[in-house]
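Text of the file coords-v9.csv, holding CSV, C-alpha atoms:
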```
chain,number,residue,atom,x,y,z
A,1,MET,CA,-13.8,22.7,-51.3
A,2,ALA,CA,-12.9,23.4,-54.9
A,3,GLU,CA,-15.3,25.4,-57.2
A,4,PRO,CA,-17.2,23.2,-59.6
A,5,VAL,CA,-15.9,23.3,-63.2
A,6,PRO,CA,-18.4,25.0,-65.5
A,7,GLU,CA,-20.4,22.7,-67.8
A,8,PHE,CA,-18.9,22.9,-71.4
A,9,HIS,CA,-20.6,22.0,-74.7
A,10,PHE,CA,-19.5,22.2,-78.3
A,11,ARG,CA,-22.6,22.8,-80.4
A,12,PRO,CA,-21.6,24.1,-83.8
A,13,VAL,CA,-24.0,26.4,-85.5
A,14,ASP,CA,-25.2,26.1,-89.1
A,15,GLY,CA,-22.8,27.7,-91.6
A,16,TRP,CA,-19.6,27.6,-89.5
A,17,ARG,CA,-17.7,25.8,-92.2
A,18,SER,CA,-18.2,28.8,-94.6
A,19,LEU,CA,-16.4,31.2,-92.2
A,20,ALA,CA,-12.8,32.1,-93.0
A,21,ARG,CA,-10.0,30.0,-91.5
A,22,ARG,CA,-7.1,31.2,-89.5
A,23,GLU,CA,-4.3,29.7,-87.5
A,24,ARG,CA,-4.9,29.6,-83.7
A,25,ALA,CA,-1.5,31.2,-83.3
A,26,SER,CA,-2.9,34.4,-84.9
A,27,ILE,CA,-5.3,35.0,-82.0
A,28,GLN,CA,-4.1,37.9,-79.9
A,29,LEU,CA,-7.2,39.0,-78.1
A,30,LEU,CA,-10.2,37.7,-76.2
A,31,ILE,CA,-13.0,40.3,-76.6
A,32,VAL,CA,-15.8,40.2,-74.1
A,33,HIS,CA,-19.3,41.1,-75.2
A,34,ARG,CA,-22.9,41.0,-73.8
A,35,ILE,CA,-25.9,39.7,-75.7
A,36,GLU,CA,-29.6,39.6,-74.7
A,37,VAL,CA,-31.6,38.9,-77.8
A,38,SER,CA,-34.9,38.9,-75.9
A,39,GLN,CA,-34.5,42.7,-75.6
A,40,GLU,CA,-34.7,42.9,-79.4
A,41,ASP,CA,-37.5,40.4,-79.7
A,42,PRO,CA,-39.2,38.6,-76.8
A,43,SER,CA,-40.0,35.6,-79.0
A,44,TYR,CA,-36.3,34.7,-78.7
A,45,GLY,CA,-35.0,33.2,-75.5
A,46,ASP,CA,-31.6,34.0,-73.9
A,47,SER,CA,-29.6,30.8,-74.4
A,48,ALA,CA,-26.8,29.9,-76.8
A,49,ASP,CA,-29.2,28.1,-79.1
A,50,GLU,CA,-31.5,31.1,-79.2
A,51,VAL,CA,-28.7,33.6,-79.8
A,52,ALA,CA,-27.6,31.5,-82.8
A,53,ARG,CA,-31.1,31.3,-84.1
A,54,PHE,CA,-31.5,35.1,-83.7
A,55,PHE,CA,-28.4,35.8,-85.9
A,56,ARG,CA,-29.5,33.2,-88.4
A,57,THR,CA,-33.2,34.2,-88.8
A,58,HIS,CA,-34.1,37.6,-87.2
A,59,PRO,CA,-33.9,40.7,-89.5
A,60,ILE,CA,-31.8,42.6,-87.0
A,61,GLY,CA,-29.6,39.6,-86.3
A,62,VAL,CA,-29.0,38.8,-90.0
A,63,GLN,CA,-28.2,42.4,-90.8
A,64,ALA,CA,-25.6,42.9,-88.1
A,65,PRO,CA,-23.1,40.1,-88.9
A,66,GLY,CA,-24.6,39.1,-92.3
A,67,GLY,CA,-26.3,36.0,-90.8
A,68,ALA,CA,-23.1,34.5,-89.3
A,69,MET,CA,-22.8,33.7,-85.6
A,70,PRO,CA,-20.6,36.5,-84.2
A,71,TYR,CA,-19.7,34.8,-80.9
A,72,PRO,CA,-17.8,31.5,-81.0
A,73,ILE,CA,-18.2,31.1,-77.3
A,74,LEU,CA,-21.1,32.1,-75.0
A,75,VAL,CA,-21.5,31.9,-71.3
A,76,GLU,CA,-25.1,31.4,-70.3
A,77,ARG,CA,-26.6,32.8,-67.1
A,78,GLY,CA,-26.2,29.6,-65.1
A,79,GLY,CA,-22.5,29.4,-66.0
A,80,ARG,CA,-22.7,26.8,-68.8
A,81,VAL,CA,-20.1,27.5,-71.5
A,82,VAL,CA,-21.2,26.8,-75.1
A,83,GLN,CA,-18.8,26.9,-78.0
A,84,THR,CA,-20.6,27.4,-81.3
A,85,VAL,CA,-17.8,27.9,-83.8
A,86,PRO,CA,-14.2,26.4,-83.8
A,87,LEU,CA,-11.4,28.7,-82.7
A,88,ASP,CA,-9.8,28.4,-86.1
A,89,ARG,CA,-12.7,30.3,-87.8
A,90,VAL,CA,-13.1,34.1,-88.0
A,91,THR,CA,-16.4,35.4,-86.7
A,92,PRO,CA,-17.8,39.0,-87.2
A,93,HIS,CA,-17.9,40.4,-83.7
A,94,ALA,CA,-15.5,43.4,-83.5
A,95,ARG,CA,-14.9,44.9,-86.9
A,96,ALA,CA,-11.2,45.5,-87.4
A,97,TYR,CA,-10.3,42.9,-84.7
A,98,ASN,CA,-12.1,39.8,-86.1
A,99,ALA,CA,-9.2,38.0,-87.6
A,100,THR,CA,-7.0,38.2,-84.5
A,101,SER,CA,-9.5,37.8,-81.7
A,102,ILE,CA,-12.1,35.4,-80.2
A,103,GLY,CA,-15.5,36.9,-79.3
A,104,VAL,CA,-16.7,35.7,-75.9
A,105,SER,CA,-20.2,36.7,-75.1
A,106,CYS,CA,-22.1,36.6,-71.8
A,107,ILE,CA,-25.8,36.4,-72.0
A,108,GLY,CA,-27.3,39.4,-70.2
A,109,ASP,CA,-27.3,43.2,-70.1
A,110,PHE,CA,-24.5,44.3,-67.9
A,111,ARG,CA,-25.3,47.9,-68.3
A,112,ARG,CA,-28.2,47.2,-66.0
A,113,GLN,CA,-27.2,44.2,-63.8
A,114,ARG,CA,-24.3,42.1,-62.7
A,115,PRO,CA,-23.7,38.7,-64.1
A,116,GLU,CA,-24.9,35.9,-61.8
A,117,SER,CA,-22.1,34.4,-59.7
A,118,ALA,CA,-22.1,31.1,-61.6
A,119,GLN,CA,-22.0,32.9,-65.0
A,120,TYR,CA,-19.1,35.1,-63.8
A,121,ARG,CA,-17.2,32.0,-62.5
A,122,GLY,CA,-17.8,30.4,-65.9
A,123,LEU,CA,-16.4,33.5,-67.7
A,124,VAL,CA,-13.3,33.6,-65.4
A,125,ASP,CA,-12.6,29.9,-66.0
A,126,LEU,CA,-13.3,30.2,-69.7
A,127,CYS,CA,-10.9,33.2,-70.1
A,128,GLY,CA,-8.3,31.4,-68.0
A,129,ALA,CA,-8.6,28.3,-70.1
A,130,LEU,CA,-8.4,30.3,-73.4
A,131,CYS,CA,-5.4,32.3,-72.1
A,132,ARG,CA,-3.6,29.1,-71.2
A,133,THR,CA,-4.6,27.3,-74.5
A,134,LEU,CA,-3.6,30.3,-76.7
A,135,SER,CA,-0.6,31.4,-74.7
A,136,LEU,CA,-2.0,34.8,-73.8
A,137,SER,CA,-1.9,36.9,-70.7
A,138,SER,CA,-4.9,38.4,-69.0
A,139,ASN,CA,-3.9,41.7,-70.7
A,140,ALA,CA,-5.2,40.2,-73.9
A,141,ILE,CA,-8.8,40.3,-72.5
A,142,LYS,CA,-10.6,43.4,-73.7
A,143,ALA,CA,-14.1,44.7,-73.5
A,144,HIS,CA,-15.7,45.4,-76.9
A,145,ASP,CA,-16.0,49.1,-75.9
A,146,GLU,CA,-12.3,49.3,-75.1
A,147,LEU,CA,-11.4,48.8,-78.8
A,148,SER,CA,-10.8,51.8,-81.0
A,149,GLY,CA,-12.7,50.9,-84.2
A,150,GLY,CA,-14.3,47.8,-82.7
A,151,SER,CA,-17.8,48.9,-83.4
A,152,HIS,CA,-19.8,51.2,-85.7
A,153,ASP,CA,-21.3,52.8,-82.5
A,154,PRO,CA,-18.8,55.0,-80.7
A,155,ASP,CA,-21.1,55.1,-77.6
A,156,LYS,CA,-21.4,51.3,-77.3
A,157,GLN,CA,-21.4,50.0,-73.7
A,158,CYS,CA,-20.3,46.4,-74.1
A,159,PRO,CA,-20.3,44.5,-72.0
A,160,GLY,CA,-21.4,47.3,-69.6
A,161,GLY,CA,-20.3,48.8,-66.3
A,162,HIS,CA,-21.6,45.9,-64.2
A,163,LEU,CA,-18.9,43.6,-65.7
A,164,PRO,CA,-15.7,45.6,-65.2
A,165,LEU,CA,-12.8,44.2,-67.2
A,166,ASP,CA,-10.1,45.3,-64.8
A,167,VAL,CA,-11.7,43.0,-62.1
A,168,LEU,CA,-12.1,40.2,-64.7
A,169,ARG,CA,-8.5,40.4,-65.7
A,170,SER,CA,-7.4,40.3,-62.0
A,171,ASP,CA,-9.6,37.3,-61.4
A,172,VAL,CA,-8.2,35.5,-64.5
A,173,ASP,CA,-4.7,36.2,-63.2
A,174,ARG,CA,-5.6,34.4,-60.0
A,175,CYS,CA,-7.2,31.6,-62.0
A,176,LEU,CA,-4.0,31.2,-64.1
A,177,ALA,CA,-1.9,31.0,-60.9
A,178,GLN,CA,-3.9,27.9,-60.0
A,179,GLU,CA,-5.1,24.9,-61.9
A,180,VAL,CA,-7.2,26.1,-64.8
A,181,ALA,CA,-10.5,24.4,-65.7
A,182,ALA,CA,-10.0,22.2,-68.7
A,183,PHE,CA,-12.2,22.9,-71.8
A,184,ASP,CA,-12.2,20.7,-74.9
A,185,PHE,CA,-12.0,23.6,-77.4
A,186,ARG,CA,-12.4,22.8,-81.0
```
What do you get writing this file as structure tokens?
Amino acid sequence: MAEPVPEFHFRPVDGWRSLARRERASIQLLIVHRIEVSQEDPSYGDSADEVARFFRTHPIGVQAPGGAMPYPILVERGGRVVQTVPLDRVTPHARAYNATSIGVSCIGDFRRQRPESAQYRGLVDLCGALCRTLSLSSNAIKAHDELSGGSHDPDKQCPGGHLPLDVLRSDVDRCLAQEVAAFDFR
């Protein structure tokens, strides 16, 4: 029996139209991140909507990317994929790489725990669909902490050891060899 296709939603965040434009053809990397805003402030939940609210309203969130949503696509714990910013907009997620990459963030702290199986499946399907849509290979998938100059923090662990990117790239290769889940990317 085939795996179910992850639920996909496009819910644009406030302010996305003010982000710089780019051509989709300029995207060379998919950068995988982790985010768990409830660690910073327990009054925020860990959903795509709450992550967007955190970066729009919380002092720490506003300071980091200047109030802009850094992750155009998030994968929630249950596997639901939420696109918050169109792919043709530049978001502030990996310093020197912003203009040529898409930030994909999984909700959770993968320094401490593995992603839930549905979330991991959603991430694999999402990365496969993005690779197919953008004509990229799985080698274009990078962890935030694999990038030289990708963060102000040289000791950053993002997404963390419980989400190994070599395994993710292999799983995306297997996904690409089959029929890839269809996402209606904006």
Per residue of segment 25-117 of chain A within 7 Å of segment 152-168 of chain A, what are the shortest atom pair and its distance in Å to one decimal, counting all atoms listed in the file, with rows by chain and residue number, as a tab-separated table?
```
residue	atom	partner	partner_atom	distance
A:Val32	CA	A:Pro159	CA	6.6
A:His33	CA	A:Pro159	CA	4.8
A:Arg34	CA	A:Pro159	CA	4.7
A:Phe110	CA	A:Gly160	CA	4.6
A:Arg111	CA	A:Gly160	CA	4.2
A:Arg112	CA	A:His162	CA	7.0
A:Gln113	CA	A:His162	CA	5.9
A:Arg114	CA	A:His162	CA	4.9
```
Atom CA of Arg89 of chain A to atom CA of Leu29 of chain A, distance in Å rounded to a single decimal
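Result for atom CA of Arg89 of chain A versus atom CA of Leu29 of chain A: 14.1 Å, one decimal.
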Point-to-point distance from atom CA of Cys175 of chain A to atom CA of Cys131 of chain A, Å rounded to tenths
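Distance reported for this atom pair: 10.3 Å.
Candidate residues A:Arg53, A:Phe8, A:Leu176, A:Ser117 were compared for distance to Thr133 of chain A, and the nearest is A:Leu176, using all atoms listed in the file.
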Around (-38.2, 35.5, -82.6), as given in the file, which residues come within 10 Å? Count all atoms listed in the file and list them as a list in words.
Val37, Ser38, Glu40, Asp41, Pro42, Ser43, Tyr44, Gly45, Glu50, Arg53, Phe54, Thr57, His58 and Pro59 of chain A
Would you tabulate, counting only C-alpha atoms, all residues of segment 47-121 of chain A that have an atom at most 9 Å from an atom of segment 15-28 of chain A, showing the closest pair of atoms and their distance in Å to one decimal, sorted by chain then ascending number, as CSV?
```
residue,atom,partner,partner_atom,distance
A:Ala68,CA,A:Gly15,CA,7.2
A:Met69,CA,A:Trp16,CA,7.9
A:Thr84,CA,A:Trp16,CA,8.3
A:Val85,CA,A:Trp16,CA,6.0
A:Pro86,CA,A:Trp16,CA,7.9
A:Leu87,CA,A:Arg24,CA,6.6
A:Asp88,CA,A:Arg22,CA,5.2
A:Arg89,CA,A:Arg21,CA,4.6
A:Val90,CA,A:Ala20,CA,5.4
A:Thr91,CA,A:Leu19,CA,6.9
A:Ala99,CA,A:Arg22,CA,7.4
A:Thr100,CA,A:Ile27,CA,4.4
A:Ser101,CA,A:Ile27,CA,5.1
A:Ile102,CA,A:Ile27,CA,7.0
```
Nearest candidate to Asp173 of chain A (options A:Gly67, A:Gly149, A:Gly128, A:Gly61; using all atoms listed in the file):
A:Gly128
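Counting from atom CA of Ile107 of chain A, the distance to atom CA of Leu74 of chain A is 7.0 Å.
In terms of minimum interatomic distance to His93 of chain A, A:Gly150 ranks closest within A:Pro115, A:Gly150, A:Gly108, A:Gly78, counting only C-alpha atoms.
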